[in-house]
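Text of coords-v5.pdb, listed as PDB, C-alpha atoms and all ligand atoms:
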ATOM      1  CA  MET A   1       8.176  11.111-142.629
ATOM      2  CA  LEU A   2       9.422   9.065-139.676
ATOM      3  CA  LEU A   3      11.116   5.649-139.804
ATOM      4  CA  THR A   4      11.250   3.866-136.436
ATOM      5  CA  GLY A   5      13.539   0.865-135.990
ATOM      6  CA  ALA A   6      15.873   2.572-138.467
ATOM      7  CA  ALA A   7      18.988   0.819-137.124
ATOM      8  CA  GLY A   8      17.508  -2.665-137.536
ATOM      9  CA  THR A   9      17.856  -5.077-140.452
ATOM     10  CA  LEU A  10      14.876  -3.809-142.430
ATOM     11  CA  GLY A  11      15.327  -0.194-141.330
ATOM     12  CA  ARG A  12      18.852  -0.112-142.742
ATOM     13  CA  ALA A  13      17.536  -1.562-146.017
ATOM     14  CA  LEU A  14      14.691   0.977-146.232
ATOM     15  CA  ALA A  15      16.337   4.278-145.288
ATOM     16  CA  ALA A  16      17.983   4.918-148.669
ATOM     17  CA  PRO A  17      14.986   4.027-150.880
ATOM     18  CA  LEU A  18      12.676   6.080-148.652
ATOM     19  CA  ARG A  19      15.055   9.035-148.815
ATOM     20  CA  ALA A  20      15.093   8.718-152.604
ATOM     21  CA  ALA A  21      11.283   8.809-152.722
ATOM     22  CA  PHE A  22      10.354  11.291-149.959
ATOM     23  CA  ALA A  23      11.658  14.755-149.133
ATOM     24  CA  HIS A  24      12.082  14.518-145.349
ATOM     25  CA  VAL A  25      12.807  11.206-143.628
ATOM     26  CA  ARG A  26      13.506  11.273-139.868
ATOM     27  CA  LEU A  27      15.287   8.167-138.606
ATOM     28  CA  SER A  28      14.782   6.883-135.055
ATOM     29  CA  ASP A  29      15.791   3.921-132.900
ATOM     30  CA  LEU A  30      17.164   3.255-129.428
ATOM     31  CA  ALA A  31      20.214   5.423-128.738
ATOM     32  CA  GLY A  32      22.754   2.578-128.788
ATOM     33  CA  PRO A  33      21.959   1.033-132.180
ATOM     34  CA  LEU A  34      21.245   4.448-133.687
ATOM     35  CA  GLY A  35      24.855   5.602-133.159
ATOM     36  CA  ALA A  36      26.091   3.144-135.779
ATOM     37  CA  LEU A  37      24.028   4.848-138.514
ATOM     38  CA  GLY A  38      26.179   7.971-138.366
ATOM     39  CA  ASP A  39      23.207  10.246-139.170
ATOM     40  CA  PRO A  40      23.451  13.481-137.160
ATOM     41  CA  GLN A  41      19.723  14.177-137.740
ATOM     42  CA  ALA A  42      18.608  10.797-136.364
ATOM     43  CA  VAL A  43      16.536  10.969-133.167
ATOM     44  CA  PRO A  44      17.092   8.470-130.341
ATOM     45  CA  CYS A  45      13.841   7.385-128.737
ATOM     46  CA  ASP A  46      12.665   4.479-126.596
ATOM     47  CA  LEU A  47       9.140   3.624-127.728
ATOM     48  CA  ALA A  48       8.285   2.734-124.131
ATOM     49  CA  ASP A  49       8.783   6.406-123.159
ATOM     50  CA  GLY A  50       5.470   8.105-124.007
ATOM     51  CA  ALA A  51       6.680  11.703-123.662
ATOM     52  CA  ALA A  52       9.684  10.979-125.898
ATOM     53  CA  VAL A  53       7.447   9.370-128.550
ATOM     54  CA  HIS A  54       5.162  12.418-128.529
ATOM     55  CA  ARG A  55       8.182  14.675-129.140
ATOM     56  CA  LEU A  56       9.450  12.328-131.851
ATOM     57  CA  LEU A  57       6.234  12.683-133.860
ATOM     58  CA  GLU A  58       6.148  16.494-133.846
ATOM     59  CA  GLY A  59       5.789  17.727-137.440
ATOM     60  CA  VAL A  60       5.500  14.199-138.863
ATOM     61  CA  ASP A  61       2.832  13.402-141.498
ATOM     62  CA  ALA A  62       3.493   9.663-142.000
ATOM     63  CA  VAL A  63       5.282   6.882-140.110
ATOM     64  CA  VAL A  64       6.899   3.621-141.145
ATOM     65  CA  HIS A  65       6.835   1.803-137.817
ATOM     66  CA  LEU A  66       9.471  -0.937-137.658
ATOM     67  CA  GLY A  67      10.742  -0.378-134.104
ATOM     68  CA  GLY A  68      10.363  -3.057-131.473
ATOM     69  CA  VAL A  69      11.245  -6.591-130.477
ATOM     70  CA  SER A  70      11.323  -8.634-133.697
ATOM     71  CA  VAL A  71      11.500 -12.231-132.417
ATOM     72  CA  GLU A  72       9.703 -14.449-129.913
ATOM     73  CA  LYS A  73      10.588 -13.423-126.313
ATOM     74  CA  PRO A  74       8.984 -13.583-122.859
ATOM     75  CA  PHE A  75       5.957 -11.338-122.445
ATOM     76  CA  ASP A  76       7.727  -8.865-120.160
ATOM     77  CA  VAL A  77      10.305  -8.238-122.897
ATOM     78  CA  VAL A  78       7.720  -7.842-125.661
ATOM     79  CA  LEU A  79       5.333  -5.648-123.645
ATOM     80  CA  PRO A  80       7.199  -2.297-123.363
ATOM     81  CA  ALA A  81       8.525  -2.071-126.933
ATOM     82  CA  ASN A  82       5.713  -3.648-128.935
ATOM     83  CA  ILE A  83       2.525  -3.128-126.955
ATOM     84  CA  THR A  84       3.108  -0.030-124.833
ATOM     85  CA  GLY A  85       5.303   1.337-127.644
ATOM     86  CA  ALA A  86       2.617   0.861-130.314
ATOM     87  CA  PHE A  87       0.084   2.545-128.033
ATOM     88  CA  HIS A  88       2.407   5.529-127.556
ATOM     89  CA  LEU A  89       2.975   5.749-131.298
ATOM     90  CA  TYR A  90      -0.738   5.786-132.210
ATOM     91  CA  GLU A  91      -1.641   8.168-129.430
ATOM     92  CA  ALA A  92       1.138  10.550-130.495
ATOM     93  CA  ALA A  93      -0.025  10.167-134.110
ATOM     94  CA  ARG A  94      -3.530  11.211-133.106
ATOM     95  CA  ARG A  95      -2.316  14.254-131.223
ATOM     96  CA  GLN A  96       0.158  15.306-133.917
ATOM     97  CA  GLY A  97      -2.238  14.842-136.860
ATOM     98  CA  VAL A  98      -0.327  12.050-138.608
ATOM     99  CA  ARG A  99      -2.259  10.940-141.727
ATOM    100  CA  ARG A 100      -0.906   7.420-142.277
ATOM    101  CA  ILE A 101       1.129   4.694-140.576
ATOM    102  CA  VAL A 102       2.744   1.710-142.252
ATOM    103  CA  PHE A 103       2.925  -0.838-139.454
ATOM    104  CA  ALA A 104       5.411  -3.699-139.643
ATOM    105  CA  SER A 105       3.150  -6.505-138.510
ATOM    106  CA  SER A 106       4.225 -10.090-139.009
ATOM    107  CA  ASN A 107       3.283 -13.433-140.473
ATOM    108  CA  HIS A 108       3.450 -14.656-136.840
ATOM    109  CA  VAL A 109      -0.049 -13.176-136.324
ATOM    110  CA  THR A 110      -1.182 -16.291-138.197
ATOM    111  CA  GLY A 111       1.777 -18.545-137.418
ATOM    112  CA  CYS A 112      -0.323 -21.382-135.966
ATOM    113  CA  TYR A 113      -2.018 -22.147-139.288
ATOM    114  CA  ARG A 114      -0.671 -25.307-140.875
ATOM    115  CA  GLN A 115       1.689 -25.013-143.802
ATOM    116  CA  ASP A 116      -0.857 -26.811-146.022
ATOM    117  CA  GLU A 117      -3.487 -24.112-145.302
ATOM    118  CA  ARG A 118      -3.919 -20.938-147.361
ATOM    119  CA  VAL A 119      -4.648 -17.844-145.287
ATOM    120  CA  ARG A 120      -6.247 -14.526-146.267
ATOM    121  CA  PRO A 121      -5.799 -11.266-144.321
ATOM    122  CA  GLN A 122      -9.433 -11.439-143.156
ATOM    123  CA  ASP A 123      -9.151 -14.969-141.723
ATOM    124  CA  PRO A 124      -9.115 -15.375-137.910
ATOM    125  CA  PRO A 125      -5.702 -14.654-136.371
ATOM    126  CA  ARG A 126      -3.794 -17.615-134.931
ATOM    127  CA  PRO A 127      -0.713 -16.033-133.295
ATOM    128  CA  ASP A 128       2.177 -18.338-132.494
ATOM    129  CA  GLY A 129       3.556 -16.561-129.403
ATOM    130  CA  TYR A 130       3.798 -13.336-127.410
ATOM    131  CA  TYR A 131       5.531 -11.626-130.334
ATOM    132  CA  GLY A 132       2.731 -12.557-132.764
ATOM    133  CA  LEU A 133       0.189 -11.479-130.152
ATOM    134  CA  SER A 134       1.890  -8.088-129.854
ATOM    135  CA  LYS A 135       1.577  -7.607-133.607
ATOM    136  CA  LEU A 136      -2.107  -8.550-133.366
ATOM    137  CA  TYR A 137      -2.490  -5.840-130.711
ATOM    138  CA  GLY A 138      -0.826  -3.377-133.095
ATOM    139  CA  GLU A 139      -3.294  -4.322-135.840
ATOM    140  CA  GLY A 140      -6.159  -3.848-133.374
ATOM    141  CA  LEU A 141      -4.867  -0.408-132.402
ATOM    142  CA  ALA A 142      -4.566   0.521-136.073
ATOM    143  CA  SER A 143      -8.133  -0.582-136.770
ATOM    144  CA  MET A 144      -9.461   1.409-133.812
ATOM    145  CA  TYR A 145      -7.495   4.574-134.673
ATOM    146  CA  TRP A 146      -8.876   4.404-138.238
ATOM    147  CA  ASP A 147     -12.478   3.876-137.140
ATOM    148  CA  ARG A 148     -12.412   6.527-134.422
ATOM    149  CA  TYR A 149      -9.829   9.074-135.546
ATOM    150  CA  GLY A 150      -9.371   8.599-139.311
ATOM    151  CA  ILE A 151      -5.668   7.699-139.111
ATOM    152  CA  GLU A 152      -4.935   5.329-141.999
ATOM    153  CA  THR A 153      -2.778   2.224-141.519
ATOM    154  CA  VAL A 154      -1.388  -0.385-143.847
ATOM    155  CA  ALA A 155      -0.424  -3.326-141.637
ATOM    156  CA  LEU A 156       2.140  -5.406-143.493
ATOM    157  CA  ARG A 157       2.335  -8.991-142.247
ATOM    158  CA  ILE A 158       5.901  -9.336-143.424
ATOM    159  CA  GLY A 159       7.165 -12.825-144.243
ATOM    160  CA  SER A 160      10.961 -13.128-144.139
ATOM    161  CA  GLY A 161      12.939 -10.092-145.294
ATOM    162  CA  THR A 162      16.299 -11.523-146.305
ATOM    163  CA  PRO A 163      18.611 -11.140-149.333
ATOM    164  CA  ALA A 164      17.598 -14.671-150.432
ATOM    165  CA  PRO A 165      15.374 -17.440-148.989
ATOM    166  CA  VAL A 166      17.303 -19.249-146.245
ATOM    167  CA  ASP A 167      15.460 -22.612-146.183
ATOM    168  CA  ARG A 168      12.367 -24.436-147.561
ATOM    169  CA  ARG A 169      10.063 -22.349-145.362
ATOM    170  CA  GLY A 170      11.617 -19.257-146.905
ATOM    171  CA  LEU A 171      10.383 -20.360-150.334
ATOM    172  CA  SER A 172       6.886 -19.612-148.965
ATOM    173  CA  THR A 173       7.698 -16.540-146.841
ATOM    174  CA  TRP A 174      10.526 -14.662-148.591
ATOM    175  CA  LEU A 175      10.436 -10.896-149.185
ATOM    176  CA  HIS A 176      13.303  -9.545-151.276
ATOM    177  CA  LEU A 177      14.543  -6.259-149.812
ATOM    178  CA  ASP A 178      13.869  -4.381-153.091
ATOM    179  CA  ASP A 179      10.304  -5.710-153.023
ATOM    180  CA  LEU A 180      10.083  -4.556-149.391
ATOM    181  CA  ALA A 181      11.028  -1.033-150.481
ATOM    182  CA  GLN A 182       8.403  -1.085-153.245
ATOM    183  CA  LEU A 183       5.757  -2.471-150.874
ATOM    184  CA  VAL A 184       6.400   0.149-148.187
ATOM    185  CA  THR A 185       6.407   2.946-150.779
ATOM    186  CA  CYS A 186       3.076   1.685-152.163
ATOM    187  CA  ALA A 187       1.717   1.471-148.610
ATOM    188  CA  LEU A 188       2.666   5.110-148.019
ATOM    189  CA  THR A 189       1.237   6.460-151.277
ATOM    190  CA  ALA A 190      -1.733   4.299-152.373
ATOM    191  CA  PRO A 191      -4.932   6.376-152.183
ATOM    192  CA  GLY A 192      -7.704   5.723-149.669
ATOM    193  CA  VAL A 193      -6.394   2.653-147.845
ATOM    194  CA  GLY A 194      -8.278   3.188-144.571
ATOM    195  CA  PHE A 195      -7.192   0.208-142.468
ATOM    196  CA  LEU A 196      -5.705  -2.475-144.693
ATOM    197  CA  VAL A 197      -3.881  -5.704-143.849
ATOM    198  CA  ALA A 198      -1.575  -7.235-146.474
ATOM    199  CA  TYR A 199       0.991 -10.017-146.308
ATOM    200  CA  GLY A 200       4.448  -8.890-147.351
ATOM    201  CA  THR A 201       6.265 -11.313-149.627
ATOM    202  CA  SER A 202       7.879 -11.496-153.020
ATOM    203  CA  ASP A 203       6.224 -13.368-155.897
ATOM    204  CA  ASN A 204       6.405 -16.810-154.254
ATOM    205  CA  ALA A 205       4.757 -19.731-156.065
ATOM    206  CA  ARG A 206       4.683 -21.612-152.722
ATOM    207  CA  SER A 207       3.132 -18.753-150.725
ATOM    208  CA  TRP A 208       0.738 -19.697-147.903
ATOM    209  CA  TRP A 209      -1.063 -16.366-148.132
ATOM    210  CA  ASP A 210      -3.764 -15.176-150.496
ATOM    211  CA  THR A 211      -3.185 -11.449-150.367
ATOM    212  CA  ALA A 212      -3.722 -10.520-154.051
ATOM    213  CA  GLU A 213      -6.648  -8.200-153.359
ATOM    214  CA  ALA A 214      -4.666  -6.147-150.830
ATOM    215  CA  TRP A 215      -1.674  -5.993-153.185
ATOM    216  CA  GLN A 216      -3.966  -4.756-155.954
ATOM    217  CA  ARG A 217      -5.285  -1.971-153.726
ATOM    218  CA  LEU A 218      -1.708  -0.982-152.944
ATOM    219  CA  GLY A 219      -0.502  -1.287-156.556
ATOM    220  CA  TYR A 220       2.307  -3.607-155.380
ATOM    221  CA  ARG A 221       3.903  -5.850-158.029
ATOM    222  CA  PRO A 222       6.785  -7.905-156.604
ATOM    223  CA  GLN A 223       9.749  -8.324-158.941
ATOM    224  CA  HIS A 224      11.447 -11.320-157.318
ATOM    225  CA  LYS A 225      10.475 -15.011-157.236
ATOM    226  CA  SER A 226      11.520 -17.364-154.442
ATOM    227  CA  GLU A 227      11.303 -20.283-156.882
ATOM    228  CA  ASP A 228      14.524 -19.038-158.510
ATOM    229  CA  HIS A 229      16.254 -20.112-155.250
ATOM    230  CA  ALA A 230      14.466 -23.440-154.769
ATOM    231  CA  ALA A 231      17.321 -25.706-155.803
ATOM    232  CA  ALA A 232      19.654 -24.021-153.304
ATOM    233  CA  VAL A 233      17.451 -24.277-150.194
ATOM    234  CA  GLN A 234      14.508 -26.690-150.569
ATOM    235  CA  HIS A 235      16.404 -29.474-148.788
ATOM    236  CA  LEU A 236      16.869 -27.273-145.672
ATOM    237  CA  LEU A 237      14.044 -28.238-143.297
ATOM    238  CA  GLN A 238      13.015 -27.233-139.785
ATOM    239  CA  PRO A 239      13.135 -29.920-137.061
ATOM    240  CA  GLU A 240      10.178 -32.357-137.163
ATOM    241  CA  GLY A 241       6.987 -31.317-135.341
ATOM    242  CA  PRO A 242       5.226 -27.913-135.124
ATOM    243  CA  MET A 243       8.319 -26.049-136.343
ATOM    244  CA  ARG A 244       7.994 -27.942-139.648
ATOM    245  CA  THR A 245       4.207 -28.271-139.920
ATOM    246  CA  LEU A 246       3.037 -24.810-138.775
ATOM    247  CA  GLN A 247       3.617 -21.585-140.695
ATOM    248  CA  GLY A 248       5.504 -19.855-137.865
ATOM    249  CA  GLY A 249       8.438 -22.252-138.253
ATOM    250  CA  LEU A 250      11.210 -21.918-135.675
ATOM    251  CA  PHE A 251       9.172 -19.500-133.515
ATOM    252  CA  LEU A 252       7.099 -22.566-132.511
ATOM    253  CA  GLY A 253      10.227 -23.949-130.867
ATOM    254  CA  VAL A 254      10.675 -20.944-128.530
ATOM    255  CA  GLY A 255       8.986 -21.071-125.099
ATOM    256  CA  PRO A 256       7.249 -21.694-122.838
ATOM    257  CA  PHE A 257       9.397 -19.420-120.728
ATOM    258  CA  GLY A 258      10.098 -19.646-117.019
ATOM    259  CA  ASP A 259       8.130 -17.540-114.565
ATOM    260  CA  THR A 260       8.959 -13.944-115.508
ATOM    261  CA  THR A 261       6.370 -12.240-113.303
ATOM    262  CA  PRO A 262       7.954  -9.723-110.938
TER     263      PRO A 262
HETATM  264  P1  LIG A 301      15.357  -5.689-135.943
HETATM  265  O1  LIG A 301      15.278  -6.362-134.629
HETATM  266  O2  LIG A 301      16.597  -5.854-136.753
HETATM  267  O3  LIG A 301      15.080  -4.134-135.775
HETATM  268  C1  LIG A 301      14.153  -3.631-134.841
HETATM  269  C2  LIG A 301      14.688  -2.328-134.315
HETATM  270  O4  LIG A 301      13.788  -1.867-133.305
HETATM  271  C3  LIG A 301      16.075  -2.481-133.673
HETATM  272  O5  LIG A 301      17.006  -1.644-134.308
HETATM  273  C4  LIG A 301      15.850  -2.123-132.227
HETATM  274  O6  LIG A 301      16.911  -1.387-131.644
HETATM  275  C5  LIG A 301      14.562  -1.292-132.293
HETATM  276  N1  LIG A 301      13.875  -1.312-131.007
HETATM  277  C6  LIG A 301      13.683  -2.382-130.167
HETATM  278  N2  LIG A 301      13.078  -1.993-129.045
HETATM  279  C7  LIG A 301      12.882  -0.669-129.158
HETATM  280  C8  LIG A 301      12.320   0.301-128.314
HETATM  281  N3  LIG A 301      11.837   0.003-127.098
HETATM  282  N4  LIG A 301      12.283   1.580-128.734
HETATM  283  C9  LIG A 301      12.761   1.915-129.952
HETATM  284  N5  LIG A 301      13.313   1.045-130.806
HETATM  285  C10 LIG A 301      13.371  -0.236-130.410
HETATM  286  O7  LIG A 301      14.083  -6.151-136.786
HETATM  287  P2  LIG A 301      13.886  -6.141-138.356
HETATM  288  O8  LIG A 301      14.169  -7.479-138.869
HETATM  289  O9  LIG A 301      14.554  -4.976-138.949
HETATM  290  O10 LIG A 301      12.305  -5.940-138.433
HETATM  291  C11 LIG A 301      11.748  -4.644-138.451
HETATM  292  C12 LIG A 301      10.277  -4.752-138.079
HETATM  293  O11 LIG A 301       9.612  -5.594-138.997
HETATM  294  C13 LIG A 301      10.035  -5.331-136.688
HETATM  295  O12 LIG A 301       8.922  -4.667-136.115
HETATM  296  C14 LIG A 301       9.682  -6.768-136.960
HETATM  297  O13 LIG A 301       8.840  -7.286-135.954
HETATM  298  C15 LIG A 301       8.986  -6.653-138.303
HETATM  299  N6  LIG A 301       9.107  -7.863-139.095
HETATM  300  C16 LIG A 301      10.320  -8.214-139.618
HETATM  301  C17 LIG A 301      10.449  -9.336-140.400
HETATM  302  C18 LIG A 301      11.738  -9.695-141.041
HETATM  303  O14 LIG A 301      11.753 -10.629-141.853
HETATM  304  N7  LIG A 301      12.857  -9.022-140.735
HETATM  305  C19 LIG A 301       9.297 -10.230-140.639
HETATM  306  C20 LIG A 301       8.075  -9.773-140.020
HETATM  307  C21 LIG A 301       7.998  -8.628-139.293
HETATM  308  C1  LIG A 302       9.414 -12.107-138.123
HETATM  309  O1  LIG A 302       8.386 -11.584-137.715
HETATM  310  C2  LIG A 302      10.742 -11.730-137.578
HETATM  311  O2  LIG A 302      10.807 -10.362-137.248
HETATM  312  C3  LIG A 302      11.895 -12.074-138.501
HETATM  313  O3  LIG A 302      13.078 -12.011-137.743
HETATM  314  C4  LIG A 302      11.732 -13.443-139.131
HETATM  315  O4  LIG A 302      11.913 -14.417-138.181
HETATM  316  C5  LIG A 302      10.382 -13.573-139.790
HETATM  317  O5  LIG A 302       9.317 -13.167-138.948
HETATM  318  C6  LIG A 302      10.056 -14.985-140.275
HETATM  319  O6  LIG A 302       9.015 -15.518-139.944
HETATM  320  O7  LIG A 302      10.877 -15.549-141.022
END
Once you've parsed the file, please lay out its structure as structure tokens.
Ligand code: NAI
Ligand code: 15L
Amino acid sequence: MLLTGAAGTLGRALAAPLRAAFAHVRLSDLAGPLGALGDPQAVPCDLADGAAVHRLLEGVDAVVHLGGVSVEKPFDVVLPANITGAFHLYEAARRQGVRRIVFASSNHVTGCYRQDERVRPQDPPRPDGYYGLSKLYGEGLASMYWDRYGIETVALRIGSGTPAPVDRRGLSTWLHLDDLAQLVTCALTAPGVGFLVAYGTSDNARSWWDTAEAWQRLGYRPQHKSEDHAAAVQHLLQPEGPMRTLQGGLFLGVGPFGDTTP
């Protein structure tokens, strides 16, 4: 099994539980961040480098794909890692016979829904920026590679993976890191998923997302409740305007960017 983005926040939280559950786990990230992991077996790879991604997937049967730009940035920053990189990953998966990919999508695919709306995975996407759009592209790739080539994907629209909710928005979006590990393990092992989109959160009473059916298919049962943290953070609000009223929160305050065309 391959874990991309292994040196990132979620990758560092997932490596140990994945290694406990699966026999062979290959870690990968950009060379710089990867050095800090101190794993001699880890494989440096820039997702924008197609030939390197094809080598990275040799002998791999499943991928947890976390690698890429994880926040809102200008399009020319998002493009190579998240769009070209996702294309390289799926194309390498096809050639190498990978059976399943767990794709770290994001709640920012639907970040322009209002916070008083409840969203299901099958509702129309409303991305809140270039980052959310790149995750929508990844979901589209996953759908196409399932329909045409039989490669299964669970696309997890992750909320906010943090040790505890950080503000009122987090009471709706939080994903405890132990629940993340359970969710990713379920996404790797649940039978017959085909192409499935699920939101990734803990058991949050204030959730904006109706994802129960997808969780049932995955067998995911979150163990943590954001409401236990409500008293500590519910007074912490985003600035007034779209950052407070739309689900994407602070990402709505990033951009537009200056002219970044070459
Ligand atoms: P992160 O930014 O901490 O980690 C991402 C990793 O990807 C980094 O270690 C970075 O070096 C690597 N990376 C960036 N460009 C790359 C490239 N061209 N080639 C290879 N590796 C590259 O992000 P985090 O928080 O760990 O998130 C992991 C994944 O989950 C990301 O795809 C992110 O978009 C997604 N996600 C995370 C959420 C969260 O709450 N942390 C919420 C929703 C989605
Ligand atoms: C994401 O997609 C980001 O990767 C993460 O850094 C958080 O900002 C998260 O969404 C969120 O919406 O809280």
Can I get the residues close to ligand LIG 301 (chain A) as number ranges by chain, where close means within 6 Å and we count all atoms listed in the file? A: 5, 7-11, 29-30, 33, 45-48, 66-70, 81, 104-106, 158-161
CA of Leu156 in chain A to CA of Leu183 in chain A, straight-line distance in Å: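 Value for the CA of Leu183 in chain A-CA of Leu156 in chain A distance: 8.7 Å.
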Which is closest to Phe75 in chain A among A:Asp259, A:Asp178, A:Glu58, A:Asp228, if we use all atoms listed in the file?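 Using all atoms listed in the file, Phe75 in chain A sits closest to A:Asp259.
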Here is a test: counting only C-alpha atoms, which residue of A:Pro165, A:Pro121, A:Gly150, A:Gly129 is nearest to Glu72 in chain A?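 Closest candidate: A:Gly129.
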Can you list, as an MDAnalysis selection string, every protein, DNA or RNA residue that comes within 9 Å of Val43 in chain A when you count all atoms listed in the file, leaving out same-chain residues fewer than 6 positions away? chainID A and resid 26:31 34 56
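Here CA of Leu37 in chain A is placed at a distance of 23.8 Å from CA of Ala164 in chain A.
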Contacts of His65 in chain A within 8 Å, all atoms listed in the file, excl. fewer than 2 positions in-chain, as a PyMOL selection string: chain A and resi 2-5+63+67+101-104
What do you get, as a PyMOL selection string, if you spell out every residue that the PyMOL selection byres (((chain A and resi 112) around 7) and not hetatm) selects here? chain A and resi 110-111+113-114+126-128+246-248
Residue by residue, what does the PyMOL selection byres (((chain A and resi 170) around 12) and not hetatm) grab here? Present the result as a VMD selection string. chain A and resid 115 158 to 169 171 to 176 201 to 202 204 to 208 225 to 230 232 to 238 244 247 to 250
Picked residues, the PyMOL selection byres (((chain A and resi 119) around 7) and not hetatm), expected as a list in words: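 Checked against the file, the PyMOL selection byres (((chain A and resi 119) around 7) and not hetatm) matches Glu117, Arg118, Arg120, Pro121, Asp123, Trp208, Trp209 and Asp210 of chain A.
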Just C-alpha atoms for this one: save the residues we selected as a PDB file, in the coordinates of the input.
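Produced file result14.pdb, reproduced below:
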ATOM      1  CA  GLU A 117      -3.487 -24.112-145.302  1.00  0.00           C
ATOM      2  CA  ARG A 118      -3.919 -20.938-147.361  1.00  0.00           C
ATOM      3  CA  ARG A 120      -6.247 -14.526-146.267  1.00  0.00           C
ATOM      4  CA  PRO A 121      -5.799 -11.266-144.321  1.00  0.00           C
ATOM      5  CA  ASP A 123      -9.151 -14.969-141.723  1.00  0.00           C
ATOM      6  CA  TRP A 208       0.738 -19.697-147.903  1.00  0.00           C
ATOM      7  CA  TRP A 209      -1.063 -16.366-148.132  1.00  0.00           C
ATOM      8  CA  ASP A 210      -3.764 -15.176-150.496  1.00  0.00           C
TER       9      ASP A 210
END
So which one's closest to ligand LIG 302 (chain A), A:Gln182, A:Ser134, A:Thr84, A:Gln96? Using all atoms listed in the file, please.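 Once distances to ligand LIG 302 (chain A) are computed over all atoms listed in the file, the minimum belongs to A:Ser134.
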Counting only C-alpha atoms and all ligand atoms, which residue out of A:Gly50, A:Gly241, A:Gly97, A:Gly132 sits closest to ligand LIG 302 (chain A)? A:Gly132
Go ahead and compute the interatomic distance for CA of Pro74 in chain A and CA of Leu133 in chain A, in Å to one decimal.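 Between these atoms lies a distance of 11.6 Å.
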